[in-house]
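File shown here: my_file-v2.cif, holding mmCIF, C-alpha atoms.
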```cif
data_model
loop_
_atom_site.label_atom_id
_atom_site.label_comp_id
_atom_site.auth_asym_id
_atom_site.auth_seq_id
_atom_site.Cartn_x
_atom_site.Cartn_y
_atom_site.Cartn_z
CA MET A 1 -12.82 -19.87 15.14
CA VAL A 2 -12.01 -22.12 18.10
CA GLN A 3 -10.18 -24.56 15.83
CA THR A 4 -8.19 -21.71 14.30
CA ALA A 5 -7.33 -20.35 17.75
CA ARG A 6 -5.93 -23.75 18.75
CA GLY A 7 -3.18 -23.30 16.16
CA LEU A 8 -2.08 -20.04 17.77
CA THR A 9 -0.50 -21.71 20.81
CA ALA A 10 2.18 -24.34 21.17
CA ASP A 11 1.55 -24.92 24.88
CA GLU A 12 0.17 -28.43 25.40
CA ARG A 13 -1.89 -27.53 28.48
CA VAL A 14 -3.64 -24.68 26.67
CA ARG A 15 -4.25 -26.95 23.68
CA ALA A 16 -5.70 -29.60 25.98
CA ARG A 17 -8.19 -27.04 27.27
CA VAL A 18 -9.09 -26.08 23.69
CA ASP A 19 -9.56 -29.75 22.83
CA ALA A 20 -12.02 -30.02 25.72
CA VAL A 21 -14.02 -27.16 24.18
CA LEU A 22 -14.00 -28.82 20.76
CA HIS A 23 -15.12 -32.08 22.36
CA ILE A 24 -18.14 -30.34 23.90
CA MET A 25 -18.96 -28.57 20.65
CA GLY A 26 -18.71 -31.77 18.65
CA GLY A 27 -20.90 -33.82 20.98
CA PRO A 28 -24.58 -34.72 20.52
CA GLY A 29 -26.73 -31.82 19.39
CA GLY A 30 -24.34 -30.15 16.97
CA LYS A 31 -22.10 -27.17 17.65
CA TYR A 32 -24.60 -24.93 19.43
CA GLY A 33 -26.79 -24.84 22.51
CA LYS A 34 -24.25 -26.41 24.87
CA GLY A 35 -25.08 -23.98 27.66
CA ARG A 36 -23.05 -23.59 30.82
CA PRO A 37 -20.55 -26.45 30.17
CA LEU A 38 -19.39 -24.77 26.97
CA VAL A 39 -19.08 -21.35 28.63
CA ASP A 40 -17.10 -22.85 31.52
CA ALA A 41 -14.78 -24.72 29.16
CA LEU A 42 -14.08 -21.57 27.14
CA GLU A 43 -13.32 -19.64 30.34
CA GLU A 44 -10.94 -22.44 31.41
CA VAL A 45 -8.96 -21.91 28.19
CA SER A 46 -8.78 -18.19 28.96
CA ARG A 47 -7.50 -18.82 32.49
CA GLU A 48 -4.90 -21.32 31.28
CA ALA A 49 -3.71 -18.85 28.62
CA ILE A 50 -3.34 -16.13 31.27
CA LEU A 51 -1.20 -18.47 33.39
CA HIS A 52 1.15 -18.86 30.41
CA GLY A 53 1.24 -15.14 29.64
CA ASP A 54 -0.69 -15.36 26.35
CA PHE A 55 -3.06 -12.46 27.02
CA ALA A 56 -4.21 -12.07 23.41
CA LEU A 57 -5.40 -15.68 23.33
CA ALA A 58 -6.99 -15.26 26.77
CA GLN A 59 -8.96 -12.25 25.54
CA ARG A 60 -10.04 -14.18 22.45
CA PHE A 61 -11.50 -16.99 24.56
CA GLN A 62 -13.09 -14.51 26.96
CA ARG A 63 -14.98 -13.15 23.97
CA PHE A 64 -15.86 -16.67 22.83
CA ALA A 65 -17.26 -17.35 26.31
CA ALA A 66 -19.25 -14.10 26.22
CA TYR A 67 -20.78 -15.15 22.90
CA ALA A 68 -21.57 -18.65 24.16
CA GLY A 69 -23.20 -17.09 27.22
CA GLY A 70 -25.42 -14.85 25.11
CA GLU A 71 -23.63 -11.60 26.02
CA LEU A 72 -21.94 -10.89 22.67
CA PHE A 73 -23.14 -10.94 19.06
CA LEU A 74 -21.53 -13.42 16.70
CA GLU A 75 -20.89 -10.63 14.19
CA ILE A 76 -18.58 -8.93 16.71
CA LEU A 77 -16.48 -12.09 17.03
CA GLN A 78 -16.38 -12.51 13.27
CA ASN A 79 -15.20 -8.95 12.77
CA HIS A 80 -12.35 -9.66 15.21
CA TYR A 81 -11.31 -13.17 14.20
CA ASP A 82 -12.87 -14.17 10.87
CA ASP A 83 -11.23 -12.41 7.91
CA GLU A 84 -13.84 -13.55 5.38
CA ALA A 85 -16.75 -12.46 7.57
CA ARG A 86 -15.08 -9.10 8.19
CA GLN A 87 -14.61 -8.59 4.46
CA ARG A 88 -18.29 -9.44 3.86
CA SER A 89 -19.33 -6.95 6.52
CA GLU A 90 -17.12 -4.24 5.03
CA GLU A 91 -18.50 -4.96 1.56
CA HIS A 92 -22.04 -4.70 2.95
CA MET A 93 -21.23 -1.32 4.52
CA ARG A 94 -19.69 -0.08 1.27
CA ARG A 95 -22.76 -1.12 -0.69
CA MET A 96 -25.11 0.48 1.83
CA THR A 97 -23.07 3.70 1.72
CA ALA A 98 -23.09 3.72 -2.07
CA MET A 99 -26.82 2.99 -2.15
CA GLY A 100 -27.52 5.79 0.34
CA ALA A 101 -25.45 8.26 -1.66
CA ASP A 102 -27.22 7.21 -4.87
CA ARG A 103 -30.67 7.60 -3.30
CA ALA A 104 -29.65 10.99 -1.89
CA ALA A 105 -28.62 12.14 -5.36
CA ALA A 106 -31.94 10.91 -6.77
CA ALA A 107 -33.86 12.82 -4.09
CA LEU A 108 -31.92 15.98 -4.92
CA ASP A 109 -32.67 15.46 -8.63
CA VAL A 110 -36.40 15.35 -7.87
CA LEU A 111 -36.13 18.46 -5.69
CA CYS A 112 -34.28 20.40 -8.39
CA SER A 113 -36.76 19.24 -11.02
CA ASP A 114 -39.76 20.35 -8.99
CA ARG A 115 -38.12 23.52 -7.68
CA PRO A 116 -35.33 24.85 -9.92
CA ASP A 117 -34.72 27.67 -7.43
CA ALA A 118 -34.19 25.30 -4.46
CA THR A 119 -31.41 26.28 -2.05
CA ALA A 120 -29.08 24.36 0.22
CA ALA A 121 -31.47 25.10 3.08
CA ASP A 122 -34.29 23.42 1.10
CA ALA A 123 -32.07 20.37 0.60
CA ARG A 124 -31.36 20.18 4.33
CA ASP A 125 -35.09 20.40 5.09
CA LEU A 126 -35.74 17.60 2.59
CA PHE A 127 -33.28 15.23 4.25
CA ARG A 128 -34.42 16.16 7.76
CA GLY A 129 -37.94 15.25 6.69
CA ILE A 130 -36.76 11.92 5.31
CA ALA A 131 -34.93 11.17 8.56
CA ARG A 132 -38.01 11.99 10.65
CA SER A 133 -40.19 9.82 8.44
CA ALA A 134 -37.95 6.74 8.74
CA ASP A 135 -39.63 5.55 11.94
CA TYR A 136 -42.96 5.27 10.12
CA LEU A 137 -41.75 3.17 7.20
CA SER A 138 -42.50 -0.56 7.23
CA LEU A 139 -42.74 -3.66 5.05
CA GLY A 140 -46.47 -3.98 5.68
CA ASP A 141 -48.24 -6.88 7.37
CA GLY A 142 -46.17 -9.58 5.69
CA GLY A 143 -48.92 -10.62 3.29
CA GLY A 144 -46.57 -10.26 0.35
CA GLY A 145 -44.52 -13.23 1.43
CA ILE A 146 -41.44 -11.26 2.50
CA ARG A 147 -39.01 -13.40 4.52
CA LEU A 148 -35.84 -12.30 6.27
CA SER A 149 -32.79 -14.49 6.63
CA THR A 150 -31.49 -15.35 10.09
CA ARG A 151 -28.54 -13.00 9.55
CA GLU A 152 -30.83 -10.08 8.65
CA VAL A 153 -33.05 -10.77 11.64
CA ARG A 154 -29.93 -10.72 13.81
CA ARG A 155 -28.89 -7.40 12.31
CA LEU A 156 -32.32 -5.94 13.08
CA GLN A 157 -31.91 -7.18 16.66
CA GLU A 158 -28.63 -5.25 16.86
CA TYR A 159 -30.40 -2.09 15.76
CA GLY A 160 -33.04 -2.80 18.37
CA HIS A 161 -30.37 -2.97 21.08
CA MET A 162 -28.93 0.33 19.87
CA GLU A 163 -32.36 1.97 20.26
CA ILE A 164 -33.12 0.51 23.68
CA VAL A 165 -33.41 3.98 25.24
CA LEU A 166 -36.33 4.82 22.94
CA ARG A 167 -38.08 1.46 22.95
CA ASP A 168 -40.89 2.52 25.32
CA LEU A 169 -41.71 5.83 23.68
CA PRO A 170 -45.27 5.97 22.26
CA ARG A 171 -45.66 5.46 18.52
CA PRO A 172 -47.98 7.79 16.56
CA ALA A 173 -51.12 6.12 15.30
CA SER A 174 -51.50 8.17 12.12
CA SER A 175 -49.54 10.23 9.66
CA GLU A 176 -51.29 13.36 10.92
CA LEU A 177 -50.25 12.62 14.50
CA ALA A 178 -46.73 11.93 13.25
CA ARG A 179 -46.64 15.36 11.63
CA MET A 180 -47.88 16.99 14.85
CA MET A 181 -45.20 15.17 16.87
CA THR A 182 -42.55 16.34 14.41
CA ASP A 183 -43.72 19.95 14.82
CA VAL A 184 -43.54 19.62 18.59
CA LEU A 185 -40.09 18.03 18.55
CA THR A 186 -38.80 20.79 16.28
CA ASP A 187 -39.37 23.36 19.02
CA VAL A 188 -38.45 21.26 22.04
CA ASP A 189 -35.30 22.06 23.98
CA ALA A 190 -32.71 19.45 22.97
CA GLY A 191 -31.00 19.51 26.36
CA MET A 192 -34.25 18.92 28.20
CA LEU A 193 -35.19 16.07 25.85
CA ALA A 194 -31.80 14.46 26.40
CA GLN A 195 -32.29 14.65 30.18
CA ILE A 196 -35.74 13.08 29.92
CA LEU A 197 -34.43 10.21 27.79
CA GLU A 198 -31.50 9.69 30.16
CA LEU A 199 -33.85 9.51 33.15
CA LYS A 200 -36.06 7.07 31.28
CA ALA A 201 -33.10 4.86 30.43
CA ARG A 202 -31.91 4.91 34.05
CA GLN A 203 -35.36 4.00 35.35
CA ALA A 204 -35.52 1.07 32.92
CA GLY A 205 -32.04 -0.05 33.96
CA LEU A 206 -32.92 0.12 37.65
CA THR A 207 -36.14 -1.84 37.10
CA GLY A 208 -34.20 -4.51 35.22
CA LEU A 209 -31.61 -4.80 38.00
CA ARG A 210 -34.31 -5.08 40.67
CA THR A 211 -36.00 -7.88 38.71
CA VAL A 212 -32.76 -9.86 38.47
CA VAL A 213 -31.93 -9.30 42.17
CA GLU A 214 -35.37 -10.58 43.19
CA ASP A 215 -34.82 -13.81 41.24
CA PRO A 216 -33.13 -16.24 43.68
CA ASP A 217 -31.53 -18.14 40.79
CA SER A 218 -29.83 -15.12 39.19
CA SER A 219 -26.13 -15.61 38.51
CA GLU A 220 -23.29 -13.14 38.89
CA SER A 221 -23.13 -12.80 35.11
CA ALA A 222 -26.82 -11.81 34.97
CA LEU A 223 -26.24 -9.13 37.60
CA HIS A 224 -23.13 -7.98 35.74
CA ALA A 225 -25.14 -7.61 32.53
CA CYS A 226 -27.66 -5.34 34.31
CA LEU A 227 -24.92 -3.14 35.78
CA LYS A 228 -22.74 -2.85 32.68
CA ASN A 229 -22.33 0.80 31.59
CA GLN A 230 -24.53 1.92 34.50
CA GLU A 231 -21.85 3.69 36.52
CA TRP A 232 -24.37 6.29 37.72
CA ILE A 233 -25.86 3.63 40.02
CA PHE A 234 -22.70 3.71 42.15
CA GLY A 235 -22.84 7.48 42.72
CA GLY A 236 -21.71 10.72 41.15
CA ALA A 237 -18.01 10.28 41.96
CA TYR A 238 -17.45 8.10 38.89
CA VAL A 239 -17.21 9.58 35.41
CA ALA A 240 -17.17 6.38 33.32
CA GLU A 241 -16.92 2.61 33.26
CA LEU A 242 -13.61 1.57 31.75
CA ALA A 243 -13.67 -0.79 28.79
CA ARG A 244 -10.52 -2.61 29.93
CA ARG A 245 -11.19 -5.12 32.70
CA GLN A 246 -7.71 -6.64 33.01
CA TYR A 247 -4.68 -4.62 34.16
CA THR A 248 -2.51 -7.39 35.59
CA PRO A 249 -2.26 -11.09 34.60
CA GLU A 250 -4.03 -12.25 37.75
CA THR A 251 -6.90 -9.75 37.86
CA ILE A 252 -10.04 -9.63 35.72
CA LEU A 253 -12.28 -6.96 37.22
CA ASP A 254 -16.07 -7.11 37.20
CA ILE A 255 -16.69 -3.36 36.84
CA PRO A 256 -13.73 -0.95 36.72
CA LEU A 257 -14.86 2.64 37.31
CA LEU A 258 -12.89 5.82 36.68
CA ARG A 259 -12.95 8.61 39.24
CA GLY A 260 -12.77 12.25 38.25
CA ASP A 261 -9.09 12.40 39.29
CA GLY A 262 -8.15 9.52 36.96
CA SER A 263 -7.87 6.89 39.69
CA LEU A 264 -9.45 3.45 39.62
CA HIS A 265 -12.35 2.12 41.65
CA VAL A 266 -13.13 -1.60 41.49
CA VAL A 267 -16.64 -3.02 41.85
CA GLU A 268 -16.70 -6.72 42.68
CA LEU A 269 -20.10 -8.38 42.13
CA LYS A 270 -21.33 -11.47 43.93
CA ARG A 271 -24.68 -13.24 43.98
CA ALA A 272 -27.70 -11.64 45.62
CA ASN A 273 -28.90 -14.95 47.08
CA ILE A 274 -26.45 -15.36 49.97
CA GLN A 275 -28.10 -17.02 52.98
CA ASP A 276 -25.17 -16.59 55.38
CA LEU A 277 -24.32 -13.00 54.47
CA VAL A 278 -24.55 -12.11 58.19
CA ILE A 279 -24.42 -14.82 60.86
CA ARG A 280 -24.98 -14.89 64.60
CA ARG A 281 -22.23 -16.57 66.62
CA SER A 282 -22.41 -16.65 70.44
CA GLY A 283 -25.00 -13.89 70.30
CA GLN A 284 -22.78 -11.60 68.18
CA LEU A 285 -23.46 -10.62 64.58
CA MET A 286 -20.67 -10.87 62.00
CA LEU A 287 -20.16 -11.26 58.26
CA GLY A 288 -20.34 -14.80 56.91
CA ALA A 289 -17.74 -16.69 54.93
CA ALA A 290 -19.03 -15.61 51.50
CA ALA A 291 -18.56 -11.93 52.32
CA HIS A 292 -15.08 -12.51 53.74
CA ARG A 293 -14.03 -14.41 50.61
CA ALA A 294 -15.28 -11.57 48.41
CA VAL A 295 -13.38 -8.99 50.46
CA SER A 296 -10.21 -11.09 50.30
CA GLN A 297 -10.57 -11.29 46.53
CA ALA A 298 -10.90 -7.50 46.32
CA GLN A 299 -7.86 -7.10 48.60
CA ASN A 300 -5.77 -9.27 46.28
CA TYR A 301 -6.88 -7.22 43.28
CA LEU A 302 -5.89 -3.97 44.96
CA ARG A 303 -2.53 -5.36 46.10
CA ALA A 304 -1.70 -6.60 42.59
CA MET A 305 -2.55 -3.23 41.05
CA ASP A 306 -0.60 -1.34 43.73
CA GLU A 307 2.48 -3.35 42.79
CA SER A 308 1.96 -2.77 39.04
CA ARG A 309 1.03 0.90 39.26
CA PRO A 310 3.89 2.44 37.18
CA GLY A 311 3.34 0.15 34.20
CA ILE A 312 -0.47 0.48 34.27
CA LEU A 313 -0.27 4.28 34.50
CA ALA A 314 2.22 4.50 31.63
CA GLU A 315 0.37 2.07 29.35
CA HIS A 316 -3.28 2.81 30.10
CA GLY A 317 -3.34 6.21 31.81
CA VAL A 318 -5.16 4.86 34.87
CA ASP A 319 -3.79 5.39 38.37
CA THR A 320 -4.20 2.15 40.32
CA ARG A 321 -2.08 3.01 43.36
CA ARG A 322 -4.29 3.16 46.44
CA ALA A 323 -7.31 2.26 44.31
CA SER A 324 -10.52 1.54 46.20
CA ALA A 325 -13.18 -1.13 45.86
CA THR A 326 -16.84 -1.84 46.52
CA VAL A 327 -18.10 -5.38 47.06
CA VAL A 328 -21.80 -5.76 46.21
CA ILE A 329 -23.15 -8.96 47.73
CA GLY A 330 -26.36 -10.40 49.11
CA HIS A 331 -29.81 -9.05 49.88
CA PRO A 332 -31.66 -9.13 53.23
CA GLN A 333 -34.58 -11.09 51.72
CA TYR A 334 -32.35 -14.15 51.30
CA VAL A 335 -30.55 -14.08 54.67
CA THR A 336 -31.55 -16.86 57.07
CA GLY A 337 -31.03 -17.37 60.79
CA GLY A 338 -33.50 -14.79 62.04
CA VAL A 339 -31.25 -11.83 61.17
CA THR A 340 -33.32 -8.71 60.41
CA PRO A 341 -32.58 -6.18 57.63
CA GLN A 342 -31.78 -3.59 60.30
CA GLU A 343 -29.24 -5.93 61.90
CA ILE A 344 -27.66 -6.62 58.50
CA SER A 345 -27.33 -2.89 57.86
CA GLU A 346 -25.77 -2.25 61.28
CA THR A 347 -23.34 -5.17 60.91
CA LEU A 348 -22.13 -3.89 57.54
CA ARG A 349 -21.85 -0.34 58.87
CA THR A 350 -19.67 -1.58 61.74
CA TYR A 351 -17.52 -3.66 59.38
CA ASN A 352 -17.05 -0.82 56.88
CA ALA A 353 -16.11 1.61 59.64
CA HIS A 354 -12.92 -0.42 60.15
CA GLN A 355 -12.04 -0.57 56.43
CA THR A 356 -10.16 2.12 54.51
CA ARG A 357 -10.20 0.97 50.87
CA ILE A 358 -12.99 -1.62 50.59
CA GLU A 359 -16.69 -1.12 51.27
CA VAL A 360 -19.23 -3.94 51.44
CA ILE A 361 -22.85 -3.17 50.50
CA THR A 362 -25.93 -5.22 49.66
CA TYR A 363 -27.95 -5.03 46.48
CA GLU A 364 -30.77 -3.58 48.57
CA ALA A 365 -28.55 -0.68 49.64
CA LEU A 366 -27.38 -0.16 46.05
CA LEU A 367 -30.97 -0.13 44.73
CA ASP A 368 -32.19 2.20 47.47
CA SER A 369 -29.36 4.67 46.89
CA ALA A 370 -29.91 4.66 43.11
CA SER A 371 -33.68 5.08 43.57
CA ARG A 372 -33.13 8.15 45.75
CA MET A 373 -30.79 9.62 43.14
CA LEU A 374 -33.41 9.07 40.44
CA ALA A 375 -36.18 10.56 42.56
CA LEU A 376 -34.06 13.66 43.20
CA SER A 377 -33.23 13.98 39.49
CA SER A 378 -36.88 13.58 38.53
CA ALA A 379 -37.92 16.21 41.06
CA ARG A 380 -35.43 18.65 39.59
CA GLN A 381 -36.65 17.83 36.07
CA ASP A 382 -40.27 18.41 37.04
CA ALA A 383 -39.57 21.69 38.83
CA ASP A 384 -40.80 24.82 37.04
CA PRO A 385 -37.67 26.85 36.11
CA ASP A 386 -39.68 30.06 36.37
CA GLU A 387 -41.04 29.25 39.81
CA GLU A 388 -39.79 31.45 42.63
CA PRO A 389 -37.75 29.49 45.22
CA ALA A 390 -39.39 28.98 48.56
CA ALA A 391 -38.38 31.46 51.24
#
```
Taking this structure as input, can you express it in the form of structure tokens?
Amino acid sequence: MVQTARGLTADERVRARVDAVLHIMGGPGGKYGKGRPLVDALEEVSREAILHGDFALAQRFQRFAAYAGGELFLEILQNHYDDEARQRSEEHMRRMTAMGADRAAAALDVLCSDRPDATAADARDLFRGIARSADYLSLGDGGGGIRLSTREVRRLQEYGHMEIVLRDLPRPASSELARMMTDVLTDVDAGMLAQILELKARQAGLTGLRTVVEDPDSSESALHACLKNQEWIFGGAYVAELARRQYTPETILDIPLLRGDGSLHVVELKRANIQDLVIRRSGQLMLGAAAHRAVSQAQNYLRAMDESRPGILAEHGVDTRRASATVVIGHPQYVTGGVTPQEISETLRTYNAHQTRIEVITYEALLDSASRMLALSSARQDADPDEEPAA
């Protein structure tokens, strides 16, 4: 796919960047497992393509870099850029659909044979039962010599990612217990169950973020992966995380959030391990260079989107004029120089008081705020709806 992409540009500087990628891929060790150098080289192609206005090619190499960094499945790339692979995937889906329809017809034949007076309601009950039983089907203990290909294992991993919300739910130990659970779930309030699952997913997401923050070697990309599609962590003012991260040639946003009024809010992520987040100069506390650089970067993003507001609003329906931003950077546990967490908090509060569009917070503040939101939501969930309110 990289070789094919090289033929899509005539610019020599972009091609030189692509050649550097191919050189890395063709070096010792085969085409895979090149790690950070390969990811960096792919991102360099994307940046060079942006400079020459070839945004489609830039997006293509951004996706290549995401795959090389372990953030994107190969099948997704193939469906975008490999016609043969896409046709194989479509053929697989067609066969699976045909097989499912054929098995459904066979199940209905058995039902009609056993119960000639069966109704449409009986058929619905049959298929609901099949759906509820699917979780308890398996291939056994593997003693029969069944082996899955790498592609099939990968596909099962995709399904596992899709079911991540339910991964920690207890599994029934017997068919009788499974039947009892089915009876219980039949009568449970669907809205309440959805709230419980959402709370569980948020708790898991928050635990994952805290683990990454507490690792001093965690990169910005690792933090980004934990915060992707977790807009609730930033507060209730945001209704969704936008899929599009690039609105002008010079800006690729970490996390673009949509406010309820249709305006944009930018979240810029930096590392948690910042030793000079707050420094003491001549007895006075102030933000260090890393924080100032991050704020300057956010300022440039906002300026660029202010200037491009009419085109962005017309093309994407997002209002970027007077957009706001949050810079998440650092954690008190990594700050050196004898600066206490309380002093870090006060320094940031003073700094933010003089800002109108950009707020700087630490990962500790973000985690604490999200934990309080979860605790409040859990308390509301646990409250007895029939209980009289306290006087």
Gap from atom CA of Val327 of chain A to atom CA of Ala304 of chain A - Å, one decimal: 17.0 Å
All residues 7 Å or closer to Ile358 of chain A, all atoms listed in the file, same chain fewer than 3 positions away omitted, as a ChimeraX atom specification: /A:324-326,355
Among the residues A:Gly260, A:Gly330, A:Glu346, A:Leu242, the one that comes closest to Gln284 of chain A [using only C-alpha atoms]: A:Glu346
Atom CA of Glu343 of chain A to atom CA of Ser282 of chain A, distance in Å rounded to a single decimal: 15.3 Å
Nearest to Ser46 of chain A, chosen from A:Arg357, A:Arg372, A:Arg271, A:Arg15, with all atoms listed in the file counted in the distances: A:Arg15
Selection result of the PyMOL selection byres ((chain A and resi 232-234) around 8) on this file, as number ranges by chain: A: 230-231, 235-236, 238, 366-367, 369-370
d(atom CA of Ser218 of chain A, atom CA of Val239 of chain A) in Å: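 One can read the atom CA of Ser218 of chain A to atom CA of Val239 of chain A distance as 28.0 Å.
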Contact residues around Ile361 of chain A with all atoms listed in the file at 10 Å, ignoring same-chain residues under 6 positions, as a PyMOL selection string: chain A and resi 291+326-331+344-345+348-349+352
Please write the residues picked by the PyMOL selection byres ((chain A and resi 66) around 12) on this file as an mmCIF file with C-alpha atoms, keeping the file's coordinate frame.
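out.cif, written as the output of this step:
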```cif
data_model
loop_
_atom_site.group_PDB
_atom_site.id
_atom_site.type_symbol
_atom_site.label_atom_id
_atom_site.label_comp_id
_atom_site.auth_asym_id
_atom_site.auth_seq_id
_atom_site.Cartn_x
_atom_site.Cartn_y
_atom_site.Cartn_z
ATOM 1 C CA GLY A 35 -25.080 -23.980 27.660
ATOM 2 C CA ARG A 36 -23.050 -23.590 30.820
ATOM 3 C CA LEU A 38 -19.390 -24.770 26.970
ATOM 4 C CA VAL A 39 -19.080 -21.350 28.630
ATOM 5 C CA ASP A 40 -17.100 -22.850 31.520
ATOM 6 C CA ALA A 41 -14.780 -24.720 29.160
ATOM 7 C CA LEU A 42 -14.080 -21.570 27.140
ATOM 8 C CA GLU A 43 -13.320 -19.640 30.340
ATOM 9 C CA SER A 46 -8.780 -18.190 28.960
ATOM 10 C CA GLN A 59 -8.960 -12.250 25.540
ATOM 11 C CA ARG A 60 -10.040 -14.180 22.450
ATOM 12 C CA PHE A 61 -11.500 -16.990 24.560
ATOM 13 C CA GLN A 62 -13.090 -14.510 26.960
ATOM 14 C CA ARG A 63 -14.980 -13.150 23.970
ATOM 15 C CA PHE A 64 -15.860 -16.670 22.830
ATOM 16 C CA ALA A 65 -17.260 -17.350 26.310
ATOM 17 C CA TYR A 67 -20.780 -15.150 22.900
ATOM 18 C CA ALA A 68 -21.570 -18.650 24.160
ATOM 19 C CA GLY A 69 -23.200 -17.090 27.220
ATOM 20 C CA GLY A 70 -25.420 -14.850 25.110
ATOM 21 C CA GLU A 71 -23.630 -11.600 26.020
ATOM 22 C CA LEU A 72 -21.940 -10.890 22.670
ATOM 23 C CA PHE A 73 -23.140 -10.940 19.060
ATOM 24 C CA LEU A 74 -21.530 -13.420 16.700
ATOM 25 C CA ILE A 76 -18.580 -8.930 16.710
ATOM 26 C CA LEU A 77 -16.480 -12.090 17.030
ATOM 27 C CA SER A 221 -23.130 -12.800 35.110
ATOM 28 C CA ALA A 222 -26.820 -11.810 34.970
ATOM 29 C CA HIS A 224 -23.130 -7.980 35.740
ATOM 30 C CA ALA A 225 -25.140 -7.610 32.530
#
```
